[in-house]
$ cat upload-v3.txt   # compact mmCIF, C-alpha atoms and all ligand atoms
# COMPACT_ATOMS: atom_id res chain seq x y z
CA MET T 8 0.00 0.00 0.00
CA THR T 9 1.13 3.52 -0.77
CA PRO T 10 1.35 6.03 2.10
CA ALA T 11 -1.55 7.95 0.46
CA ARG T 12 -3.71 4.82 0.53
CA ILE T 13 -2.87 4.14 4.17
CA GLU T 14 -3.72 7.74 5.03
CA ARG T 15 -7.06 7.42 3.22
CA LEU T 16 -8.02 4.22 5.07
CA ARG T 17 -7.13 5.88 8.37
CA GLN T 18 -9.22 8.95 7.58
CA VAL T 19 -12.25 6.89 6.67
CA LEU T 20 -11.93 4.64 9.74
CA ALA T 21 -11.56 7.67 12.00
CA ARG T 22 -14.97 8.88 10.80
CA ARG T 23 -16.95 5.63 10.98
CA GLN T 24 -20.15 6.03 13.03
CA PRO T 25 -20.81 2.78 14.93
CA ASP T 26 -24.13 4.10 16.30
CA LEU T 27 -25.76 4.89 12.94
CA THR T 28 -27.16 2.12 10.79
CA VAL T 29 -29.72 1.18 8.17
CA LEU T 30 -32.30 -1.60 8.49
CA THR T 31 -34.07 -2.63 5.29
CA ASP T 32 -37.56 -4.11 5.76
CA TYR T 33 -37.83 -6.67 2.92
CA VAL T 34 -36.35 -4.35 0.26
CA HIS T 35 -35.64 -6.95 -2.42
CA LYS T 36 -34.38 -5.17 -5.53
CA GLY T 37 -30.63 -5.70 -5.69
CA ARG T 38 -29.93 -2.36 -7.34
CA ASN T 39 -31.82 -0.50 -4.60
CA LEU T 40 -29.92 -2.38 -1.89
CA SER T 41 -26.62 -1.67 -3.67
CA ALA T 42 -27.34 2.05 -3.88
CA ILE T 43 -28.38 2.15 -0.20
CA ILE T 44 -25.17 0.38 0.89
CA ARG T 45 -23.07 2.72 -1.26
CA THR T 46 -24.75 5.73 0.38
CA ALA T 47 -24.31 4.20 3.83
CA ASP T 48 -20.55 3.96 3.24
CA ALA T 49 -20.46 7.56 2.00
CA VAL T 50 -21.93 8.89 5.27
CA GLY T 51 -19.68 6.73 7.46
CA ILE T 52 -21.93 3.77 8.29
CA SER T 53 -19.98 0.54 8.88
CA ASP T 54 -22.81 -2.01 9.28
CA VAL T 55 -26.20 -2.37 7.64
CA HIS T 56 -28.95 -4.88 8.41
CA CYS T 57 -30.94 -6.29 5.52
CA VAL T 58 -34.09 -8.32 6.05
CA ILE T 59 -34.43 -10.16 2.79
CA GLY T 60 -37.19 -12.70 3.25
CA ASP T 61 -37.20 -16.38 2.51
CA SER T 62 -37.87 -16.35 -1.22
CA ASP T 63 -35.17 -13.78 -1.98
CA TYR T 64 -32.63 -15.00 0.55
CA LYS T 65 -30.95 -17.59 -1.66
CA ARG T 66 -30.79 -15.20 -4.58
CA PHE T 67 -28.77 -12.74 -2.49
CA LEU T 68 -26.38 -15.29 -1.00
CA GLY T 69 -23.00 -14.75 -2.54
CA THR T 70 -23.93 -11.52 -4.34
CA SER T 71 -21.88 -8.55 -3.34
CA MET T 72 -24.74 -6.03 -3.09
CA GLY T 73 -22.43 -3.19 -3.98
CA SER T 74 -19.91 -1.58 -1.67
CA HIS T 75 -19.78 -4.73 0.39
CA SER T 76 -16.08 -4.57 1.07
CA TRP T 77 -16.43 -1.29 2.94
CA VAL T 78 -19.72 -2.02 4.71
CA ASP T 79 -20.57 -5.16 6.68
CA VAL T 80 -23.94 -6.36 5.40
CA HIS T 81 -25.87 -8.54 7.85
CA ARG T 82 -28.71 -10.53 6.27
CA TYR T 83 -31.83 -11.86 7.99
CA ARG T 84 -34.94 -13.76 6.94
CA GLU T 85 -37.11 -11.99 9.51
CA LEU T 86 -37.39 -8.56 11.02
CA ALA T 87 -37.55 -9.50 14.71
CA PRO T 88 -33.88 -10.54 15.25
CA PRO T 89 -32.20 -7.34 14.02
CA VAL T 90 -34.84 -5.10 15.64
CA GLU T 91 -34.41 -6.81 18.99
CA LEU T 92 -30.63 -6.65 18.71
CA LEU T 93 -30.71 -2.93 17.88
CA LYS T 94 -33.24 -2.12 20.62
CA THR T 95 -31.12 -3.95 23.19
CA GLN T 96 -28.17 -1.84 22.08
CA GLY T 97 -30.17 1.35 22.67
CA TYR T 98 -30.87 2.39 19.06
CA GLN T 99 -33.98 4.37 18.23
CA ILE T 100 -35.79 2.76 15.27
CA VAL T 101 -36.73 5.52 12.81
CA ALA T 102 -38.99 4.26 10.02
CA ALA T 103 -39.13 6.18 6.75
CA HIS T 104 -42.84 5.67 6.35
CA LEU T 105 -45.63 7.75 4.86
CA SER T 106 -48.06 7.09 7.72
CA PRO T 107 -50.61 9.48 9.23
CA THR T 108 -48.48 9.89 12.37
CA ALA T 109 -45.21 10.59 10.53
CA VAL T 110 -43.20 13.73 11.30
CA ASP T 111 -40.89 15.71 9.00
CA PHE T 112 -37.51 13.94 8.75
CA HIS T 113 -35.68 17.07 9.94
CA GLU T 114 -37.36 16.76 13.37
CA VAL T 115 -35.49 13.62 14.45
CA ASP T 116 -32.26 13.82 16.47
CA TYR T 117 -29.88 11.62 14.44
CA THR T 118 -26.96 12.19 16.81
CA LYS T 119 -28.55 9.55 19.07
CA PRO T 120 -27.92 5.88 18.24
CA THR T 121 -30.20 5.51 15.22
CA ALA T 122 -31.34 2.77 12.86
CA LEU T 123 -33.09 4.07 9.72
CA MET T 124 -35.73 1.55 8.61
CA LEU T 125 -36.64 1.52 4.89
CA GLY T 126 -39.48 -0.27 3.11
CA ALA T 127 -39.93 -2.05 -0.20
CA GLU T 128 -40.94 -0.40 -3.45
CA ARG T 129 -44.52 -1.61 -3.63
CA VAL T 130 -45.61 -2.46 -0.10
CA GLY T 131 -43.48 -0.01 1.88
CA ILE T 132 -42.80 -0.63 5.59
CA SER T 133 -44.38 -3.91 6.80
CA GLU T 134 -47.05 -3.98 9.52
CA GLN T 135 -44.49 -5.47 11.84
CA GLY T 136 -41.95 -2.77 10.97
CA GLU T 137 -44.55 -0.09 11.55
CA ALA T 138 -45.20 -1.40 15.06
CA TYR T 139 -41.50 -1.78 15.94
CA ALA T 140 -40.66 1.80 14.97
CA ASP T 141 -40.16 4.45 17.64
CA VAL T 142 -41.07 7.18 15.16
CA HIS T 143 -42.24 7.46 11.55
CA ILE T 144 -40.71 10.13 9.33
CA THR T 145 -41.50 11.49 5.86
CA VAL T 146 -39.61 13.52 3.35
CA PRO T 147 -42.15 16.15 2.20
CA MET T 148 -43.21 15.96 -1.45
CA VAL T 149 -45.11 18.53 -3.51
CA GLY T 150 -45.65 16.61 -6.75
CA MET T 151 -47.99 13.98 -8.15
CA VAL T 152 -45.92 10.87 -7.34
CA GLU T 153 -46.63 9.23 -3.99
CA SER T 154 -43.07 8.41 -2.99
CA PHE T 155 -39.38 8.57 -3.84
CA ASN T 156 -37.36 5.57 -4.93
CA VAL T 157 -36.21 3.96 -1.67
CA SER T 158 -32.51 4.56 -2.32
CA VAL T 159 -33.23 8.23 -3.04
CA ALA T 160 -35.22 8.54 0.21
CA ALA T 161 -32.30 6.88 2.05
CA GLY T 162 -29.84 9.36 0.52
CA ILE T 163 -31.92 12.36 1.55
CA ILE T 164 -32.42 11.20 5.15
CA LEU T 165 -28.85 9.96 5.69
CA THR T 166 -27.52 13.29 4.40
CA GLU T 167 -29.53 15.04 7.12
CA ALA T 168 -28.13 12.57 9.66
CA ARG T 169 -24.58 13.26 8.44
CA HIS T 170 -25.20 17.00 8.62
CA GLN T 171 -26.46 16.85 12.23
CA ARG T 172 -23.57 14.60 13.27
CA GLN T 173 -21.06 16.91 11.62
CA GLN T 174 -22.50 19.91 13.50
CA ALA T 175 -22.20 17.89 16.70
CA GLY T 176 -18.53 17.08 16.01
CA LEU T 177 -19.11 13.33 15.72
CA TYR T 178 -16.79 13.05 12.71
CA ASP T 179 -13.96 14.87 14.52
CA GLN T 180 -13.01 12.06 16.90
CA GLN T 181 -12.58 8.31 16.45
CA ARG T 182 -15.90 6.65 17.27
CA ILE T 183 -15.24 2.94 16.61
CA ASP T 184 -13.33 0.97 19.22
CA GLN T 185 -9.68 0.22 18.60
CA ALA T 186 -10.23 -3.52 18.02
CA THR T 187 -12.74 -2.82 15.23
CA TYR T 188 -10.47 -0.15 13.79
CA ASP T 189 -7.55 -2.58 13.67
CA ARG T 190 -9.63 -5.39 12.17
CA LEU T 191 -11.03 -3.16 9.41
CA PHE T 192 -7.64 -1.59 8.69
CA PHE T 193 -6.22 -5.07 8.25
CA GLU T 194 -9.12 -6.33 6.09
CA TRP T 195 -9.19 -3.26 3.84
CA GLY T 196 -5.44 -3.16 3.50
CA HIS T 197 -5.15 -6.84 2.55
CA PRO T 198 -8.09 -7.64 0.32
CA MET N 285 -62.74 13.37 -11.71
CA THR N 286 -63.65 13.46 -8.05
CA PRO N 287 -63.49 16.81 -6.23
CA ALA N 288 -60.57 15.43 -4.17
CA ARG N 289 -58.66 14.63 -7.36
CA ILE N 290 -59.30 18.09 -8.80
CA GLU N 291 -58.12 19.66 -5.55
CA ARG N 292 -54.94 17.55 -5.65
CA LEU N 293 -54.12 18.56 -9.24
CA ARG N 294 -54.66 22.22 -8.31
CA GLN N 295 -52.40 21.96 -5.27
CA VAL N 296 -49.60 20.39 -7.28
CA LEU N 297 -49.92 22.91 -10.12
CA ALA N 298 -49.91 25.81 -7.66
CA ARG N 299 -46.49 24.64 -6.42
CA ARG N 300 -44.76 23.94 -9.74
CA GLN N 301 -41.41 25.78 -10.04
CA PRO N 302 -40.87 26.85 -13.66
CA ASP N 303 -37.39 28.21 -12.87
CA LEU N 304 -35.93 25.00 -11.44
CA THR N 305 -34.89 22.19 -13.75
CA VAL N 306 -32.57 19.23 -14.25
CA LEU N 307 -30.21 18.74 -17.18
CA THR N 308 -28.72 15.25 -17.57
CA ASP N 309 -25.35 15.10 -19.32
CA TYR N 310 -25.45 11.75 -21.19
CA VAL N 311 -26.91 9.81 -18.26
CA HIS N 312 -27.99 6.68 -20.13
CA LYS N 313 -29.32 4.15 -17.62
CA GLY N 314 -33.08 4.16 -17.88
CA ARG N 315 -33.63 3.36 -14.22
CA ASN N 316 -31.43 6.27 -13.14
CA LEU N 317 -33.28 8.66 -15.45
CA SER N 318 -36.62 7.34 -14.15
CA ALA N 319 -35.63 7.88 -10.54
CA ILE N 320 -34.37 11.41 -11.34
CA ILE N 321 -37.62 12.33 -13.10
CA ARG N 322 -39.66 10.93 -10.21
CA THR N 323 -37.66 13.04 -7.76
CA ALA N 324 -38.01 16.10 -9.99
CA ASP N 325 -41.80 15.77 -9.86
CA ALA N 326 -41.68 15.35 -6.08
CA VAL N 327 -39.91 18.72 -5.61
CA GLY N 328 -42.19 20.55 -8.06
CA ILE N 329 -40.12 20.52 -11.27
CA SER N 330 -42.27 20.54 -14.40
CA ASP N 331 -39.64 20.15 -17.16
CA VAL N 332 -36.39 18.21 -17.36
CA HIS N 333 -33.81 18.21 -20.14
CA CYS N 334 -32.12 14.92 -20.98
CA VAL N 335 -29.11 14.74 -23.28
CA ILE N 336 -29.12 11.12 -24.33
CA GLY N 337 -26.55 10.80 -27.09
CA ASP N 338 -26.89 9.28 -30.49
CA SER N 339 -26.45 5.61 -29.68
CA ASP N 340 -28.98 5.65 -26.84
CA TYR N 341 -31.44 8.05 -28.42
CA LYS N 342 -33.48 5.47 -30.33
CA ARG N 343 -33.63 3.16 -27.33
CA PHE N 344 -35.30 5.91 -25.30
CA LEU N 345 -37.77 6.98 -27.97
CA GLY N 346 -41.19 5.88 -26.91
CA THR N 347 -40.12 4.75 -23.43
CA SER N 348 -41.87 6.52 -20.61
CA MET N 349 -38.81 7.11 -18.42
CA GLY N 350 -40.94 7.02 -15.28
CA SER N 351 -43.18 9.81 -14.07
CA HIS N 352 -43.43 11.11 -17.61
CA SER N 353 -47.04 12.14 -17.38
CA TRP N 354 -46.33 14.66 -14.64
CA VAL N 355 -43.00 15.94 -15.95
CA ASP N 356 -42.28 17.12 -19.49
CA VAL N 357 -39.10 15.34 -20.59
CA HIS N 358 -37.19 17.10 -23.39
CA ARG N 359 -34.63 14.90 -25.15
CA TYR N 360 -31.52 16.02 -27.01
CA ARG N 361 -28.65 14.35 -28.82
CA GLU N 362 -26.18 17.05 -27.80
CA LEU N 363 -25.53 19.26 -24.82
CA ALA N 364 -25.21 22.63 -26.58
CA PRO N 365 -28.90 23.22 -27.47
CA PRO N 366 -30.42 22.86 -23.99
CA VAL N 367 -27.51 24.71 -22.35
CA GLU N 368 -27.86 27.63 -24.74
CA LEU N 369 -31.61 27.69 -24.27
CA LEU N 370 -31.31 27.69 -20.49
CA LYS N 371 -28.55 30.32 -20.47
CA THR N 372 -30.64 32.59 -22.70
CA GLN N 373 -33.48 32.21 -20.21
CA GLY N 374 -31.21 33.32 -17.38
CA TYR N 375 -30.65 30.00 -15.60
CA GLN N 376 -27.45 29.37 -13.66
CA ILE N 377 -25.96 26.01 -14.67
CA VAL N 378 -24.98 24.15 -11.50
CA ALA N 379 -23.00 20.99 -12.24
CA ALA N 380 -22.91 18.22 -9.63
CA HIS N 381 -19.29 17.42 -10.28
CA LEU N 382 -16.43 16.21 -8.10
CA SER N 383 -13.89 18.66 -9.54
CA PRO N 384 -11.08 20.44 -7.70
CA THR N 385 -12.98 23.76 -7.88
CA ALA N 386 -16.28 22.38 -6.58
CA VAL N 387 -17.99 23.98 -3.57
CA ASP N 388 -20.28 22.36 -0.99
CA PHE N 389 -23.79 21.99 -2.45
CA HIS N 390 -25.30 23.99 0.44
CA GLU N 391 -23.46 27.11 -0.73
CA VAL N 392 -25.47 27.62 -3.91
CA ASP N 393 -28.56 29.88 -3.96
CA TYR N 394 -31.21 27.62 -5.52
CA THR N 395 -33.93 30.26 -5.30
CA LYS N 396 -32.41 31.76 -8.47
CA PRO N 397 -33.37 30.20 -11.82
CA THR N 398 -31.32 27.00 -11.64
CA ALA N 399 -30.54 24.02 -13.85
CA LEU N 400 -28.90 21.12 -12.00
CA MET N 401 -26.54 19.28 -14.34
CA LEU N 402 -25.88 15.58 -13.61
CA GLY N 403 -23.30 13.23 -15.11
CA ALA N 404 -23.22 9.58 -16.14
CA GLU N 405 -22.27 6.71 -13.86
CA ARG N 406 -18.82 5.99 -15.22
CA VAL N 407 -17.58 9.15 -16.91
CA GLY N 408 -19.37 11.78 -14.83
CA ILE N 409 -19.86 15.29 -16.24
CA SER N 410 -18.48 15.61 -19.79
CA GLU N 411 -15.66 18.04 -20.63
CA GLN N 412 -18.17 20.16 -22.46
CA GLY N 413 -20.54 20.12 -19.49
CA GLU N 414 -17.71 21.06 -17.16
CA ALA N 415 -16.95 24.13 -19.25
CA TYR N 416 -20.58 25.21 -19.60
CA ALA N 417 -21.21 25.12 -15.85
CA ASP N 418 -21.33 28.35 -13.84
CA VAL N 419 -20.38 26.46 -10.69
CA HIS N 420 -19.42 22.92 -9.67
CA ILE N 421 -20.87 21.46 -6.48
CA THR N 422 -20.20 18.33 -4.43
CA VAL N 423 -22.08 16.48 -1.76
CA PRO N 424 -19.42 15.74 0.88
CA MET N 425 -18.60 12.08 1.46
CA VAL N 426 -16.65 10.49 4.31
CA GLY N 427 -16.46 6.87 3.11
CA MET N 428 -14.42 4.74 0.75
CA VAL N 429 -16.67 5.03 -2.33
CA GLU N 430 -15.89 7.85 -4.74
CA SER N 431 -19.43 8.94 -5.53
CA PHE N 432 -23.14 8.43 -4.95
CA ASN N 433 -25.44 6.86 -7.50
CA VAL N 434 -26.52 9.78 -9.73
CA SER N 435 -30.20 9.56 -8.77
CA VAL N 436 -29.25 9.60 -5.08
CA ALA N 437 -27.05 12.68 -5.63
CA ALA N 438 -29.96 14.33 -7.48
CA GLY N 439 -32.31 13.60 -4.58
CA ILE N 440 -29.93 15.08 -2.02
CA ILE N 441 -29.30 18.28 -3.99
CA LEU N 442 -32.92 18.81 -5.09
CA THR N 443 -34.06 18.40 -1.49
CA GLU N 444 -31.75 21.27 -0.52
CA ALA N 445 -33.19 23.31 -3.41
CA ARG N 446 -36.73 22.56 -2.25
CA HIS N 447 -35.82 23.49 1.31
CA GLN N 448 -34.36 26.88 0.27
CA ARG N 449 -37.33 27.61 -1.97
CA GLN N 450 -39.75 26.71 0.79
CA GLN N 451 -37.98 29.08 3.21
CA ALA N 452 -38.23 31.79 0.53
CA GLY N 453 -41.99 31.24 0.14
CA LEU N 454 -41.72 30.06 -3.47
CA TYR N 455 -44.24 27.27 -2.91
CA ASP N 456 -46.80 29.64 -1.38
CA GLN N 457 -47.81 31.41 -4.58
CA GLN N 458 -48.58 30.19 -8.11
CA ARG N 459 -45.35 30.35 -10.11
CA ILE N 460 -46.33 28.94 -13.52
CA ASP N 461 -48.21 31.20 -15.91
CA GLN N 462 -51.94 30.71 -16.28
CA ALA N 463 -51.72 29.30 -19.82
CA THR N 464 -49.35 26.54 -18.67
CA TYR N 465 -51.49 25.90 -15.61
CA ASP N 466 -54.59 25.49 -17.75
CA ARG N 467 -52.83 23.25 -20.29
CA LEU N 468 -51.44 20.93 -17.60
CA PHE N 469 -54.73 20.85 -15.69
CA PHE N 470 -56.45 19.76 -18.89
CA GLU N 471 -53.80 17.17 -19.81
CA TRP N 472 -53.63 15.64 -16.32
CA GLY N 473 -57.37 15.63 -15.91
CA HIS N 474 -58.03 13.93 -19.27
CA PRO N 475 -55.30 11.33 -19.74
C1 LIG T 501 -41.43 3.47 -2.99
S1 LIG T 501 -41.56 3.69 -1.31
C2 LIG T 501 -42.96 2.69 -0.84
C3 LIG T 501 -44.24 3.27 -1.23
C4 LIG T 501 -45.40 2.43 -0.72
N1 LIG T 501 -46.40 2.39 -1.76
C5 LIG T 501 -45.95 3.04 0.56
O1 LIG T 501 -47.06 3.58 0.51
O2 LIG T 501 -45.29 2.97 1.60
C6 LIG T 501 -40.27 2.67 -0.68
C7 LIG T 501 -39.71 3.15 0.64
O3 LIG T 501 -38.97 4.35 0.42
C8 LIG T 501 -39.08 5.19 1.56
N2 LIG T 501 -39.70 6.45 1.09
C9 LIG T 501 -40.02 6.80 -0.17
N3 LIG T 501 -40.52 8.03 -0.22
C10 LIG T 501 -40.53 8.50 1.04
C11 LIG T 501 -40.91 9.74 1.66
N4 LIG T 501 -41.39 10.75 0.94
N5 LIG T 501 -40.77 9.85 2.98
C12 LIG T 501 -40.27 8.83 3.73
N6 LIG T 501 -39.88 7.66 3.21
C13 LIG T 501 -40.01 7.49 1.89
C14 LIG T 501 -39.91 4.43 2.59
O4 LIG T 501 -39.06 3.70 3.45
C15 LIG T 501 -40.71 3.49 1.70
O5 LIG T 501 -41.16 2.35 2.41
C1 LIG T 502 -21.47 7.95 -10.24
S1 LIG T 502 -21.20 9.65 -10.42
C2 LIG T 502 -19.85 9.79 -11.60
C3 LIG T 502 -18.56 9.43 -11.03
C4 LIG T 502 -17.44 9.66 -12.03
N1 LIG T 502 -16.52 8.58 -11.89
C5 LIG T 502 -16.78 11.00 -11.75
O1 LIG T 502 -15.64 10.99 -11.29
O2 LIG T 502 -17.38 12.03 -12.01
C6 LIG T 502 -22.53 10.16 -11.47
C7 LIG T 502 -22.97 11.57 -11.25
O3 LIG T 502 -23.62 11.68 -10.00
C8 LIG T 502 -23.38 12.96 -9.44
N2 LIG T 502 -22.68 12.75 -8.15
C9 LIG T 502 -22.42 11.56 -7.56
N3 LIG T 502 -21.82 11.75 -6.37
C10 LIG T 502 -21.70 13.08 -6.20
C11 LIG T 502 -21.17 13.91 -5.17
N4 LIG T 502 -20.66 13.40 -4.04
N5 LIG T 502 -21.22 15.24 -5.35
C12 LIG T 502 -21.76 15.77 -6.46
N6 LIG T 502 -22.26 15.05 -7.47
C13 LIG T 502 -22.25 13.72 -7.33
C14 LIG T 502 -22.54 13.73 -10.46
O4 LIG T 502 -23.39 14.47 -11.31
C15 LIG T 502 -21.87 12.60 -11.23
O5 LIG T 502 -21.48 13.00 -12.53
$ encode --input "upload-v3.txt" --output "structure tokens" --more "lines below"
Ligand SMILES: C[S@@+](CC[C@H](N)C(=O)[O-])C[C@H]1O[C@@H](n2cnc3c(N)ncnc32)[C@H](O)[C@@H]1O
Ligand SMILES: C[S@@+](CC[C@H](N)C(=O)[O-])C[C@H]1O[C@@H](n2cnc3c(N)ncnc32)[C@H](O)[C@@H]1O
Amino acid sequence: MTPARIERLRQVLARRQPDLTVLTDYVHKGRNLSAIIRTADAVGISDVHCVIGDSDYKRFLGTSMGSHSWVDVHRYRELAPPVELLKTQGYQIVAAHLSPTAVDFHEVDYTKPTALMLGAERVGISEQGEAYADVHITVPMVGMVESFNVSVAAGIILTEARHQRQQAGLYDQQRIDQATYDRLFFEWGHP
Amino acid sequence: MTPARIERLRQVLARRQPDLTVLTDYVHKGRNLSAIIRTADAVGISDVHCVIGDSDYKRFLGTSMGSHSWVDVHRYRELAPPVELLKTQGYQIVAAHLSPTAVDFHEVDYTKPTALMLGAERVGISEQGEAYADVHITVPMVGMVESFNVSVAAGIILTEARHQRQQAGLYDQQRIDQATYDRLFFEWGHP
């Protein structure tokens, strides 16, 4: 590795946000998942949780789903296990969901440990996902279409999260523990 | 049409922003163009300009490219005609472009007549597009990937534009002229 490459890996690792993640609720289009994972990396997310569902699970085994090497993608067949894990770890579950009780996405405090839940193209957030969520958020729209593409919605909301975390100085200090830092530095440096 | 439907069409038309548009610089993936057009509608854009290029032009003839019925999609084989048109009409050309002179996308005043120029997945903004642009902007990234998917970048930047225009009250008054309003009301109401 060149010194410039080493420096780049160190800069990225120093900005990883271990308490920000994405949880996809049966999103099944590979290109949407890829774009979401790519965006997650770009805002400093190190782990995403993808609930894929039984029928799609096999199809996604062994596929890279995009920026896999920079983001650890955890796959599940059901929503309960990742939600329970994240709740135990103190994350708020924020569902991007056009429900009657949803608030504007700017109103959430993304500097807290946060999991952004995203729904599938046709059915949106599942009934189960709706119930698990601590809050529903929407990105306001003023046109005729009823929704954004899910990866576009993810980009808009995660950019707000990045902005709030930047204001709060969360990218100015190392946030991941040293063991994780060392593991990722080794993995990325020796692919 | 039901009264609720008529009311919805009127609300959307009353918020259309005739001085905000998107100009795609040889973006050729249909699904990216579709997602961009869908997002354009959602922020109140009525017209987008797509430079498709000779080899892809036929392929796109007759395809809907997404939310076509709500957004007028103008197609070109070259960049010069739409750029000259937009410049004559007083638009600033803002290129989303990771160049050394680019500024943070928050720094642009999107309440001015603005065309957001977007580049293709692999090659980005063309040399010609780079030269035509009044300003280059980037969405900051802190990860390993070099860029966002183009439709995700469009969503992030157009959301900032919508936000600025909302603050400035540009969605609180009818912005399109009455002739355009009447034409669109008729077209949308009688598909
Ligand atoms: C295409 S949308 C699903 C639309 C679905 N018909 C519904 O009514 O929920 C796919 C996912 O993108 C996210 N999304 C899209 N547009 C959104 C918006 N304006 N606000 C919040 N989330 C949105 C949500 O997570 C949604 O479940
Ligand atoms: C996948 S990117 C192109 C990457 C290309 N390799 C380059 O270096 O320009 C496709 C388009 O999305 C937009 N884009 C993607 N990420 C961006 C960012 N961080 N800032 C500004 N524009 C971006 C730009 O319009 C770009 O031309």
$ interface_residues --input "upload-v3.txt" --of "chain N" --to "chain T" --cutoff "9 Å" --atoms "only C-alpha atoms" --output "PyMOL selection string"
chain N and resi 292-293+295-297+299-300+319-320+322-329+351+354+423-433+435-441+443+455
$ atom_distance --input "upload-v3.txt" --atom1 "atom C13 of ligand LIG 502 (chain T)" --atom2 "CA of Phe112 (chain T)"
22.2 Å
$ residues_around --input "upload-v3.txt" --residues "region 393-395 of chain N" --least-positions-apart "4" --cutoff "7 Å" --atoms "all atoms listed in the file" --output "JSON, numbers by chain"
{"N": [445, 448, 449]}
$ residues_around --input "upload-v3.txt" --residues "Pro120 (chain T)" --least-positions-apart "6" --cutoff "9 Å" --atoms "all atoms listed in the file" --output "list in words"
Pro25, Asp26, Leu27, Thr28, Gln96, Gly97, Tyr98, Gln99 and Ile100 of chain T
$ atom_distance --input "upload-v3.txt" --atom1 "CA of Pro287 (chain N)" --atom2 "CA of His143 (chain T)"
29.2 Å
$ atom_distance --input "upload-v3.txt" --atom1 "CA of Asp356 (chain N)" --atom2 "CA of Lys371 (chain N)"
19.1 Å
$ closest_residue --input "upload-v3.txt" --among "T:Val90, T:Ile59, T:Ala11, T:Val29" --to "ligand LIG 501 (chain T)" --atoms "all atoms listed in the file"
T:Val29
$ closest_residue --input "upload-v3.txt" --among "T:Cys57, T:Ala138, T:Ile144, T:Ala175" --to "ligand LIG 501 (chain T)" --atoms "all atoms listed in the file"
T:Ile144
$ axis_aligned_box --input "upload-v3.txt" --around "ligand LIG 502 (chain T)" --padding-each-side "5 Å" --output "AutoDock Vina command-line options"
--center_x -19.6 --center_y 11.9 --center_z -8.3 --size_x 18.0 --size_y 17.8 --size_z 18.5
$ closest_residue --input "upload-v3.txt" --among "T:Leu40, T:Val142, T:Met124, T:Met8" --to "ligand LIG 501 (chain T)" --atoms "only C-alpha atoms and all ligand atoms"
T:Met124
$ residues_around --input "upload-v3.txt" --residues "Ser383 (chain N)" --least-positions-apart "4" --cutoff "10 Å" --atoms "all atoms listed in the file" --output "mmCIF file with C-alpha atoms, keeping the file's coordinate frame"
data_model
loop_
_atom_site.group_PDB
_atom_site.id
_atom_site.type_symbol
_atom_site.label_atom_id
_atom_site.label_comp_id
_atom_site.auth_asym_id
_atom_site.auth_seq_id
_atom_site.Cartn_x
_atom_site.Cartn_y
_atom_site.Cartn_z
ATOM 1 C CA ALA N 379 -23.000 20.990 -12.240
ATOM 2 C CA VAL N 387 -17.990 23.980 -3.570
ATOM 3 C CA ILE N 409 -19.860 15.290 -16.240
ATOM 4 C CA GLU N 414 -17.710 21.060 -17.160
ATOM 5 C CA HIS N 420 -19.420 22.920 -9.670
ATOM 6 C CA ILE N 421 -20.870 21.460 -6.480
ATOM 7 C CA THR N 422 -20.200 18.330 -4.430
#
$ residues_around --input "upload-v3.txt" --residues "Leu363 (chain N)" --least-positions-apart "5" --cutoff "9 Å" --atoms "all atoms listed in the file" --output "number ranges by chain"
N: 307-310, 334-337, 368, 412-413
$ write_last_selection --input "upload-v3.txt" --atoms "C-alpha atoms" --output "JSON list (two decimals), keeping the file's coordinate frame"
[["chain", "number", "residue", "atom", "x", "y", "z"],
["N", 307, "LEU", "CA", -30.21, 18.74, -17.18],
["N", 308, "THR", "CA", -28.72, 15.25, -17.57],
["N", 309, "ASP", "CA", -25.35, 15.10, -19.32],
["N", 310, "TYR", "CA", -25.45, 11.75, -21.19],
["N", 334, "CYS", "CA", -32.12, 14.92, -20.98],
["N", 335, "VAL", "CA", -29.11, 14.74, -23.28],
["N", 336, "ILE", "CA", -29.12, 11.12, -24.33],
["N", 337, "GLY", "CA", -26.55, 10.80, -27.09],
["N", 368, "GLU", "CA", -27.86, 27.63, -24.74],
["N", 412, "GLN", "CA", -18.17, 20.16, -22.46],
["N", 413, "GLY", "CA", -20.54, 20.12, -19.49]]
$ decode --input "upload-v3.txt" --residues "region 466-472 of chain N" --atoms "N, CA and C atoms" --output "mmCIF file, in the first residue's frame"
data_model
loop_
_atom_site.group_PDB
_atom_site.id
_atom_site.type_symbol
_atom_site.label_atom_id
_atom_site.label_comp_id
_atom_site.auth_asym_id
_atom_site.auth_seq_id
_atom_site.Cartn_x
_atom_site.Cartn_y
_atom_site.Cartn_z
ATOM 1 N N ASP N 466 -53.368 25.992 -17.120
ATOM 2 C CA ASP N 466 -54.587 25.487 -17.751
ATOM 3 C C ASP N 466 -54.296 24.285 -18.652
ATOM 4 N N ARG N 467 -53.196 24.362 -19.419
ATOM 5 C CA ARG N 467 -52.832 23.250 -20.293
ATOM 6 C C ARG N 467 -52.575 21.983 -19.477
ATOM 7 N N LEU N 468 -51.773 22.112 -18.398
ATOM 8 C CA LEU N 468 -51.442 20.932 -17.597
ATOM 9 C C LEU N 468 -52.682 20.395 -16.869
ATOM 10 N N PHE N 469 -53.511 21.290 -16.379
ATOM 11 C CA PHE N 469 -54.731 20.852 -15.689
ATOM 12 C C PHE N 469 -55.594 20.022 -16.640
ATOM 13 N N PHE N 470 -55.664 20.486 -17.885
ATOM 14 C CA PHE N 470 -56.453 19.761 -18.888
ATOM 15 C C PHE N 470 -55.819 18.403 -19.208
ATOM 16 N N GLU N 471 -54.478 18.419 -19.452
ATOM 17 C CA GLU N 471 -53.796 17.168 -19.813
ATOM 18 C C GLU N 471 -53.887 16.129 -18.685
ATOM 19 N N TRP N 472 -53.625 16.559 -17.451
ATOM 20 C CA TRP N 472 -53.627 15.638 -16.317
ATOM 21 C C TRP N 472 -55.043 15.142 -16.014
#
